[in-house]
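Q: What follows is run_15.txt, made up of compact mmCIF, C-alpha atoms:
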```
# COMPACT_ATOMS: atom_id res chain seq x y z
CA MET L 493 -15.77 -17.67 -25.36
CA THR L 494 -16.25 -14.81 -27.74
CA GLY L 495 -14.33 -11.76 -28.84
CA ALA L 496 -11.60 -11.19 -31.36
CA PRO L 497 -8.00 -10.57 -30.31
CA GLY L 498 -7.56 -6.91 -29.46
CA SER L 499 -11.16 -6.48 -28.44
CA GLY L 500 -11.15 -8.85 -25.49
CA VAL L 501 -10.37 -8.92 -21.81
CA GLY L 502 -7.57 -6.71 -20.55
CA VAL L 503 -5.03 -7.88 -17.97
CA VAL L 504 -3.24 -5.73 -15.38
CA LEU L 505 -0.31 -7.11 -13.39
CA VAL L 506 0.35 -5.30 -10.10
CA SER L 507 3.61 -5.96 -8.28
CA HIS L 508 5.56 -4.18 -5.54
CA SER L 509 8.40 -4.03 -8.05
CA ALA L 510 8.34 -2.29 -11.43
CA GLU L 511 10.85 -4.82 -12.74
CA VAL L 512 8.80 -7.80 -11.58
CA ALA L 513 5.58 -6.43 -13.07
CA SER L 514 7.08 -5.69 -16.49
CA ALA L 515 9.07 -8.94 -16.55
CA VAL L 516 5.97 -11.00 -15.80
CA VAL L 517 4.10 -9.16 -18.56
CA ARG L 518 6.89 -10.14 -20.98
CA LEU L 519 6.95 -13.72 -19.70
CA ALA L 520 3.19 -14.12 -20.00
CA LEU L 521 3.08 -12.66 -23.51
CA GLY L 522 6.07 -14.78 -24.50
CA LEU L 523 4.58 -18.02 -23.20
CA ALA L 524 1.21 -17.18 -24.71
CA GLY L 525 2.94 -17.04 -28.09
CA GLY L 526 1.38 -14.72 -30.64
CA ALA L 527 -0.73 -13.07 -27.94
CA SER L 528 0.20 -9.66 -29.20
CA GLY L 529 -3.48 -8.76 -29.48
CA VAL L 530 -4.08 -9.11 -25.73
CA PRO L 531 -3.94 -5.80 -23.92
CA VAL L 532 -1.67 -6.39 -20.90
CA ALA L 533 -0.23 -3.66 -18.72
CA ALA L 534 2.21 -3.61 -15.81
CA ALA L 535 1.61 -1.50 -12.69
CA GLY L 536 4.75 -2.00 -10.65
CA GLY L 537 6.36 -0.08 -7.81
CA GLY L 538 5.19 2.56 -5.39
CA PRO L 539 4.33 6.26 -5.73
CA ASP L 540 7.99 7.24 -5.27
CA GLY L 541 9.23 4.70 -7.80
CA GLY L 542 10.54 2.39 -5.08
CA LEU L 543 9.04 -0.88 -3.86
CA GLY L 544 5.35 -0.55 -3.08
CA THR L 545 1.96 -0.06 -4.66
CA SER L 546 0.73 2.93 -6.63
CA ALA L 547 -3.02 3.38 -6.92
CA GLU L 548 -2.42 5.85 -9.72
CA LEU L 549 -0.40 3.40 -11.82
CA ILE L 550 -3.03 0.71 -11.27
CA ALA L 551 -5.90 2.97 -12.38
CA ARG L 552 -3.94 4.15 -15.40
CA ALA L 553 -3.01 0.59 -16.42
CA ALA L 554 -6.62 -0.55 -16.09
CA ARG L 555 -7.87 2.28 -18.29
CA GLU L 556 -5.13 1.52 -20.80
CA VAL L 557 -6.15 -2.13 -21.28
CA ASP L 558 -9.91 -1.65 -21.06
CA ARG L 559 -11.63 -2.61 -24.33
CA GLY L 560 -15.07 -2.88 -22.79
CA ALA L 561 -14.91 -6.63 -22.17
CA GLY L 562 -13.60 -6.40 -18.60
CA VAL L 563 -10.21 -6.13 -16.96
CA ALA L 564 -8.62 -8.92 -14.90
CA VAL L 565 -6.25 -7.56 -12.23
CA LEU L 566 -3.62 -9.89 -10.77
CA VAL L 567 -1.58 -8.76 -7.76
CA ASP L 568 1.37 -9.93 -5.72
CA LEU L 569 1.39 -9.09 -2.00
CA GLY L 570 -0.18 -7.17 0.91
CA SER L 571 -0.62 -3.57 -0.15
CA ALA L 572 -1.18 -4.53 -3.80
CA VAL L 573 -4.14 -6.69 -2.76
CA LEU L 574 -5.55 -4.09 -0.37
CA THR L 575 -5.11 -1.16 -2.75
CA VAL L 576 -7.00 -2.88 -5.58
CA LYS L 577 -9.78 -3.85 -3.16
CA ALA L 578 -9.97 -0.27 -1.90
CA LEU L 579 -10.05 1.11 -5.47
CA LEU L 580 -12.85 -1.32 -6.38
CA ALA L 581 -14.75 -0.16 -3.29
CA GLU L 582 -14.37 3.45 -4.40
CA GLY L 583 -16.58 2.57 -7.34
CA ASP L 584 -15.40 4.96 -10.04
CA GLU L 585 -11.62 4.59 -9.91
CA LEU L 586 -11.37 1.55 -12.18
CA PRO L 587 -13.22 0.80 -15.45
CA ALA L 588 -16.58 -0.98 -15.17
CA GLY L 589 -16.01 -4.73 -15.32
CA THR L 590 -12.67 -4.64 -13.51
CA ARG L 591 -12.15 -7.69 -11.32
CA LEU L 592 -9.50 -8.61 -8.76
CA VAL L 593 -8.56 -12.20 -9.58
CA ASP L 594 -7.53 -14.53 -6.75
CA ALA L 595 -4.56 -16.28 -8.35
CA PRO L 596 -0.83 -16.90 -7.95
CA PHE L 597 0.82 -13.90 -9.57
CA LEU L 598 3.10 -15.37 -12.21
CA GLU L 599 1.31 -18.63 -13.00
CA GLY L 600 -2.03 -16.84 -12.93
CA ALA L 601 -0.73 -14.16 -15.28
CA VAL L 602 0.33 -16.72 -17.87
CA ALA L 603 -3.02 -18.53 -17.65
CA ALA L 604 -4.95 -15.25 -17.86
CA VAL L 605 -3.08 -13.98 -20.90
CA VAL L 606 -3.28 -17.31 -22.75
CA THR L 607 -7.01 -17.52 -22.07
CA ALA L 608 -7.60 -13.90 -23.09
CA ALA L 609 -5.60 -14.54 -26.30
CA ALA L 610 -7.88 -17.50 -27.06
CA GLY L 611 -10.85 -15.16 -26.90
CA GLY L 612 -12.05 -16.10 -23.41
CA ASP L 613 -14.41 -13.75 -21.61
CA LEU L 614 -13.69 -12.29 -18.16
CA ASP L 615 -15.17 -15.30 -16.32
CA ALA L 616 -13.01 -17.68 -18.36
CA VAL L 617 -9.87 -15.58 -17.87
CA ALA L 618 -10.47 -15.36 -14.11
CA ALA L 619 -11.23 -19.08 -13.83
CA ALA L 620 -8.08 -20.04 -15.73
CA ALA L 621 -5.95 -17.83 -13.50
CA GLU L 622 -7.54 -19.18 -10.32
CA GLU L 623 -7.02 -22.76 -11.50
CA ALA L 624 -3.28 -22.13 -11.31
CA TYR L 625 -3.62 -22.58 -7.53
CA GLY L 626 -4.54 -26.20 -8.18
CA TYR L 627 -1.28 -27.14 -9.82
CA ARG L 628 0.89 -28.73 -7.10
CA LYS L 629 4.65 -28.65 -7.60
CA ALA L 630 5.63 -31.25 -5.05
CA MET I 545 -20.34 20.20 18.07
CA LEU I 546 -17.62 19.52 15.49
CA ASP I 547 -17.67 21.25 12.13
CA ALA I 548 -15.66 20.85 8.90
CA GLY I 549 -13.00 23.21 10.28
CA PHE I 550 -12.45 20.94 13.28
CA LEU I 551 -11.95 17.90 11.03
CA GLN I 552 -9.59 19.89 8.79
CA ARG I 553 -7.57 20.92 11.87
CA TRP I 554 -7.45 17.24 12.90
CA MET I 555 -6.03 16.24 9.52
CA ALA I 556 -3.49 19.11 9.63
CA ALA I 557 -2.46 18.10 13.16
CA ALA I 558 -2.24 14.48 12.04
CA ALA I 559 0.04 15.48 9.17
CA ALA I 560 2.28 17.43 11.56
CA ALA I 561 2.34 14.58 14.10
CA VAL I 562 3.11 11.97 11.44
CA GLU I 563 5.95 14.20 10.21
CA ARG I 564 7.35 14.39 13.79
CA GLU I 565 6.95 10.63 14.35
CA ALA I 566 7.98 9.40 10.89
CA ASP I 567 11.46 8.28 11.92
CA HIS I 568 10.10 6.48 14.98
CA LEU I 569 7.47 4.70 12.88
CA THR I 570 10.10 3.58 10.39
CA GLU I 571 12.33 2.40 13.23
CA LEU I 572 9.48 0.24 14.59
CA ASP I 573 8.76 -1.01 11.06
CA SER I 574 12.40 -1.93 10.47
CA ALA I 575 12.17 -4.38 13.39
CA ILE I 576 9.21 -6.41 12.09
CA GLY I 577 8.22 -4.90 8.73
CA ASP I 578 9.82 -3.46 5.61
CA ALA I 579 10.98 -0.16 7.14
CA ASP I 580 8.77 2.13 5.09
CA HIS I 581 5.85 2.96 7.40
CA GLY I 582 7.15 6.38 8.44
CA ALA I 583 7.97 7.48 4.90
CA ASN I 584 4.67 6.12 3.58
CA MET I 585 2.57 7.82 6.26
CA ARG I 586 4.48 11.07 5.81
CA ARG I 587 3.83 11.04 2.05
CA GLY I 588 0.15 10.19 2.57
CA PHE I 589 -0.66 12.77 5.21
CA ALA I 590 1.32 15.50 3.44
CA ALA I 591 -0.94 14.81 0.42
CA VAL I 592 -4.02 14.95 2.69
CA ALA I 593 -2.98 18.32 4.14
CA ALA I 594 -2.18 19.73 0.70
CA ALA I 595 -5.49 18.52 -0.79
CA LEU I 596 -7.53 20.00 2.07
CA ASP I 597 -5.62 23.30 1.80
CA ALA I 598 -6.32 23.43 -1.93
CA GLU I 599 -9.95 22.31 -1.61
CA PRO I 600 -11.37 23.15 1.83
CA GLN I 601 -14.48 21.04 2.47
CA THR I 602 -17.72 22.27 3.98
CA THR I 603 -18.84 19.22 5.95
CA PRO I 604 -17.03 16.89 8.38
CA GLY I 605 -17.96 13.93 6.19
CA ALA I 606 -16.47 15.50 3.06
CA VAL I 607 -13.20 16.24 4.88
CA LEU I 608 -12.80 12.59 5.83
CA VAL I 609 -13.83 11.25 2.40
CA LEU I 610 -11.28 13.47 0.64
CA ALA I 611 -8.57 12.59 3.17
CA GLY I 612 -9.26 8.87 2.78
CA ARG I 613 -9.08 9.08 -0.96
CA GLN I 614 -5.72 10.83 -0.79
CA LEU I 615 -4.32 8.13 1.51
CA ILE I 616 -5.42 5.31 -0.80
CA SER I 617 -3.81 7.12 -3.74
CA THR I 618 -0.49 8.19 -2.27
CA VAL I 619 0.73 6.04 0.64
CA GLY I 620 2.16 3.15 -1.38
CA GLY I 621 1.97 0.56 1.42
CA ALA I 622 -0.82 -1.39 3.10
CA SER I 623 -1.48 1.47 5.53
CA GLY I 624 -2.79 3.54 2.58
CA PRO I 625 -5.83 1.46 1.69
CA LEU I 626 -6.39 0.63 5.38
CA TYR I 627 -6.34 4.20 6.77
CA GLY I 628 -7.96 5.41 3.54
CA THR I 629 -10.84 3.01 4.05
CA LEU I 630 -11.11 4.03 7.72
CA LEU I 631 -11.52 7.73 6.91
CA ARG I 632 -13.57 7.33 3.75
CA ARG I 633 -16.11 5.01 5.39
CA ALA I 634 -16.28 7.23 8.46
CA GLY I 635 -16.85 10.25 6.22
CA LYS I 636 -19.60 8.49 4.31
CA ALA I 637 -21.23 7.45 7.57
CA LEU I 638 -21.35 11.11 8.66
CA GLY I 639 -23.24 12.02 5.49
CA ASP I 640 -23.95 15.69 4.76
CA ALA I 641 -24.29 16.94 8.34
CA ALA I 642 -22.70 20.37 8.78
CA GLU I 643 -21.85 19.64 12.44
CA VAL I 644 -21.57 16.38 14.36
CA THR I 645 -21.21 15.41 18.02
CA PRO I 646 -18.09 13.61 19.28
CA GLU I 647 -20.31 10.56 19.81
CA ALA I 648 -21.47 10.67 16.18
CA LEU I 649 -17.84 10.93 15.08
CA ALA I 650 -17.05 7.92 17.27
CA GLU I 651 -19.88 5.96 15.71
CA ALA I 652 -18.73 6.88 12.19
CA LEU I 653 -15.14 5.94 13.01
CA GLY I 654 -16.49 2.65 14.36
CA THR I 655 -18.03 1.97 10.95
CA GLY I 656 -14.64 2.76 9.40
CA VAL I 657 -12.80 0.45 11.80
CA ALA I 658 -15.17 -2.40 10.93
CA ALA I 659 -14.42 -1.80 7.23
CA VAL I 660 -10.68 -1.88 7.97
CA ALA I 661 -11.06 -5.20 9.78
CA GLN I 662 -12.94 -6.62 6.81
CA LEU I 663 -10.50 -5.31 4.21
CA GLY I 664 -7.43 -6.63 6.03
CA GLY I 665 -9.10 -9.79 7.33
CA ALA I 666 -7.75 -9.01 10.81
CA THR I 667 -9.22 -8.88 14.31
CA ALA I 668 -8.06 -7.32 17.57
CA GLY I 669 -5.11 -9.27 18.97
CA ASP I 670 -3.47 -9.86 15.58
CA LYS I 671 -0.89 -7.11 16.31
CA THR I 672 -2.21 -4.57 13.80
CA MET I 673 -3.57 -1.01 13.77
CA LEU I 674 -6.89 -2.46 14.98
CA ASP I 675 -5.35 -2.98 18.43
CA ALA I 676 -5.15 0.81 18.84
CA LEU I 677 -8.12 1.83 16.66
CA GLU I 678 -10.69 -0.31 18.46
CA PRO I 679 -9.96 0.86 22.04
CA GLY I 680 -9.57 4.46 20.84
CA VAL I 681 -12.95 4.48 19.13
CA ALA I 682 -14.58 2.61 22.04
CA ALA I 683 -13.30 5.18 24.55
CA LEU I 684 -14.55 8.06 22.38
CA ALA I 685 -17.95 6.39 22.02
CA ARG I 686 -18.24 5.93 25.81
CA ASP I 687 -18.19 9.58 26.81
CA GLY I 688 -17.02 11.69 23.85
CA ASP I 689 -13.73 12.39 25.65
CA PHE I 690 -10.92 12.85 23.10
CA ALA I 691 -8.15 12.70 25.71
CA ALA I 692 -9.48 9.37 26.98
CA ALA I 693 -9.59 8.10 23.40
CA ALA I 694 -5.97 9.09 22.83
CA ARG I 695 -4.94 7.38 26.07
CA ALA I 696 -6.82 4.18 25.16
CA ALA I 697 -5.26 4.11 21.68
CA ARG I 698 -1.76 4.63 23.14
CA GLU I 699 -2.32 1.83 25.65
CA GLY I 700 -3.68 -0.35 22.85
CA ALA I 701 -0.52 0.24 20.80
CA ALA I 702 1.69 -0.56 23.82
CA ALA I 703 -0.28 -3.76 24.36
CA THR I 704 0.85 -5.04 20.93
CA VAL I 705 4.44 -5.53 22.21
CA PRO I 706 3.95 -9.09 23.55
CA MET I 707 1.61 -10.11 20.71
CA LEU I 708 2.42 -12.55 17.92
CA ALA I 709 1.85 -10.91 14.51
CA ARG I 710 -0.76 -12.74 12.46
CA LYS I 711 -1.13 -10.32 9.53
CA GLY I 712 1.12 -8.68 6.98
CA ARG I 713 4.85 -8.85 6.55
CA ALA I 714 5.44 -9.20 10.33
CA SER I 715 3.49 -12.48 10.41
CA TYR I 716 6.29 -14.21 8.45
CA LEU I 717 8.53 -13.65 11.48
CA GLY I 718 6.38 -15.79 13.77
CA GLU I 719 7.76 -15.77 17.33
CA ARG I 720 10.37 -13.16 16.37
CA SER I 721 7.57 -10.59 16.01
CA VAL I 722 7.02 -10.83 19.78
CA GLY I 723 8.63 -8.04 21.82
CA HIS I 724 8.18 -5.27 19.26
CA GLN I 725 5.45 -2.62 19.22
CA ASP I 726 3.37 -2.74 16.06
CA PRO I 727 4.08 0.25 13.78
CA GLY I 728 0.48 0.40 12.49
CA ALA I 729 -0.99 0.44 16.00
CA THR I 730 1.56 3.15 16.85
CA SER I 731 0.55 5.37 13.93
CA ALA I 732 -3.12 4.84 14.86
CA ALA I 733 -2.29 6.13 18.36
CA VAL I 734 -0.55 9.13 16.74
CA LEU I 735 -3.76 9.96 14.86
CA PHE I 736 -5.82 9.80 18.08
CA ALA I 737 -3.24 12.00 19.84
CA ALA I 738 -3.63 14.58 17.06
CA LEU I 739 -7.42 14.45 17.52
CA ALA I 740 -7.06 15.08 21.27
CA GLU I 741 -4.62 17.91 20.61
CA VAL I 742 -7.10 19.65 18.30
CA ALA I 743 -9.98 19.13 20.74
CA SER I 744 -8.16 20.55 23.76
```
Represent the structure of the file as structure tokens.
A:
Amino acid sequence: MTGAPGSGVGVVLVSHSAEVASAVVRLALGLAGGASGVPVAAAGGGPDGGLGTSAELIARAAREVDRGAGVAVLVDLGSAVLTVKALLAEGDELPAGTRLVDAPFLEGAVAAVVTAAAGGDLDAVAAAAEEAYGYRKA
Amino acid sequence: MLDAGFLQRWMAAAAAAVEREADHLTELDSAIGDADHGANMRRGFAAVAAALDAEPQTTPGAVLVLAGRQLISTVGGASGPLYGTLLRRAGKALGDAAEVTPEALAEALGTGVAAVAQLGGATAGDKTMLDALEPGVAALARDGDFAAAARAAREGAAATVPMLARKGRASYLGERSVGHQDPGATSAAVLFAALAEVAS
């Protein structure tokens, strides 16, 4: 657990909807309280601005939040998952140290941003986000 | 033997065929999906055709790698990374050869299909594009006959009608997915038809 705020892990939130992606960014930053130093970016909506996934927006968001300590990418559904996997397979589309995190989108986003704000490294951020699957609601 | 020009003509024919079939693909997708398959495929293959016009490639492998990359970047739905992976992996499998046999293309496409299955976590019978891709590639591998491959892919797509969807948006419908032809298998058959058209 090293790294000062602003120099740590970046977080990218990929949703089929631009509104969902940016709202979850706001929610995560809000619940993380004082996490203004965490680089978080939304990549929402498709190439035509409608519902869908844009590889270009994802790549741009990842570059935007990359501070050299890794980028955790959280995704919502179907094509968002597959597009990030395909971009990672391409090799040079996303910054080195970019990781697709297997986590529930909203809960995972909050956990990832809080952990990144606390100075957690990429492993810690990913683990915190994945742990959100373990929280049963009923 | 097939050269870069042949592969470019395939991609151009695929773009034209997708354009012709876009409304039909969207109609199929509105029954069991989110009604965007035609528009997504049209956007993707138009980008492929434009990219290959702007930057003609000199080897069959390079044509497919560039086409795959365009699909991943521009489609916007799950068919983008899936078809993009298919073509990109096939292109990489062909390497730098200036000309390839139909059997070598079949083998390379087989590598791509395996990558698609892995990426989507699907197998034949799940009512996906694999149900047309696998028989199409298998027929091409058997005797290098493009018309036979197109026929096998079309029959594979038709065979998805009674299947229960187990992947993607359609899987949420459960039994209600039965009775509809899978849009992804249909577009895969369209791509094989374009290949046969160029070869004839």
Q: Which one of I:Ala658, I:Leu569, I:Ile616, I:Val681 sits closest to chain L if you count all atoms listed in the file?
A: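 Among I:Ala658, I:Leu569, I:Ile616, I:Val681, it is I:Ile616 that comes nearest to chain L.
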Q: Need to verify the contact set: stretch 687-702 of chain I, 10 Å, all atoms listed in the file, exclusion of same-chain residues closer than 6 positions in sequence. Can you return it as a PyMOL selection string?
A: chain I and resi 645-650+668-669+671-681+724-744
Q: Give me, please, the distance in Å between atom CA of L:Ala510 and atom CA of L:Ala535, quoted to one decimal.
A: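 According to the coordinates, atom CA of L:Ala510 and atom CA of L:Ala535 are separated by 6.9 Å.
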Q: Mind checking which residues fall within 9 Å of I:Met585, counting all atoms listed in the file, ignoring those fewer than 3 positions away in the same chain, and posting them as a VMD selection string?
A: chain I and resid 559 562 to 563 566 569 580 to 582 588 to 590 615 619 to 621 623 to 624 731
Q: Could you turn the residues from that selection into a file that holds C-alpha atoms, as a compact mmCIF listing (two decimals), in the coordinates of the input?
A:
```
# COMPACT_ATOMS: atom_id res chain seq x y z
CA ALA I 559 0.04 15.48 9.17
CA VAL I 562 3.11 11.97 11.44
CA GLU I 563 5.95 14.20 10.21
CA ALA I 566 7.98 9.40 10.89
CA LEU I 569 7.47 4.70 12.88
CA ASP I 580 8.77 2.13 5.09
CA HIS I 581 5.85 2.96 7.40
CA GLY I 582 7.15 6.38 8.44
CA GLY I 588 0.15 10.19 2.57
CA PHE I 589 -0.66 12.77 5.21
CA ALA I 590 1.32 15.50 3.44
CA LEU I 615 -4.32 8.13 1.51
CA VAL I 619 0.73 6.04 0.64
CA GLY I 620 2.16 3.15 -1.38
CA GLY I 621 1.97 0.56 1.42
CA SER I 623 -1.48 1.47 5.53
CA GLY I 624 -2.79 3.54 2.58
CA SER I 731 0.55 5.37 13.93
```
Q: Within 8 Å of chain I, which residues belong to chain L? Use all atoms listed in the file and report them as a ChimeraX atom specification.
A: /L:538-539,544-548,570-572,574-575,577-579
Q: What separation in Å, quoted to one decimal, exists between atom CA of L:Ala630 and atom CA of L:Asp594?
A: 21.3 Å
Q: Mind listing as a compact mmCIF listing (two decimals) with C-alpha atoms, in the coordinates of the input all residues within 9 Å of (-5.1, -4.5, -20.3), counting all atoms listed in the file?
A:
```txt
# COMPACT_ATOMS: atom_id res chain seq x y z
CA VAL L 501 -10.37 -8.92 -21.81
CA GLY L 502 -7.57 -6.71 -20.55
CA VAL L 503 -5.03 -7.88 -17.97
CA VAL L 504 -3.24 -5.73 -15.38
CA LEU L 505 -0.31 -7.11 -13.39
CA VAL L 530 -4.08 -9.11 -25.73
CA PRO L 531 -3.94 -5.80 -23.92
CA VAL L 532 -1.67 -6.39 -20.90
CA ALA L 533 -0.23 -3.66 -18.72
CA ALA L 534 2.21 -3.61 -15.81
CA ALA L 553 -3.01 0.59 -16.42
CA ALA L 554 -6.62 -0.55 -16.09
CA ARG L 555 -7.87 2.28 -18.29
CA GLU L 556 -5.13 1.52 -20.80
CA VAL L 557 -6.15 -2.13 -21.28
CA ASP L 558 -9.91 -1.65 -21.06
CA ARG L 559 -11.63 -2.61 -24.33
CA GLY L 562 -13.60 -6.40 -18.60
CA VAL L 563 -10.21 -6.13 -16.96
CA ALA L 564 -8.62 -8.92 -14.90
CA VAL L 565 -6.25 -7.56 -12.23
```
Q: What separation in Å, quoted to one decimal, exists between atom CA of I:Asp547 and atom CA of I:Ala598?
A: 18.2 Å
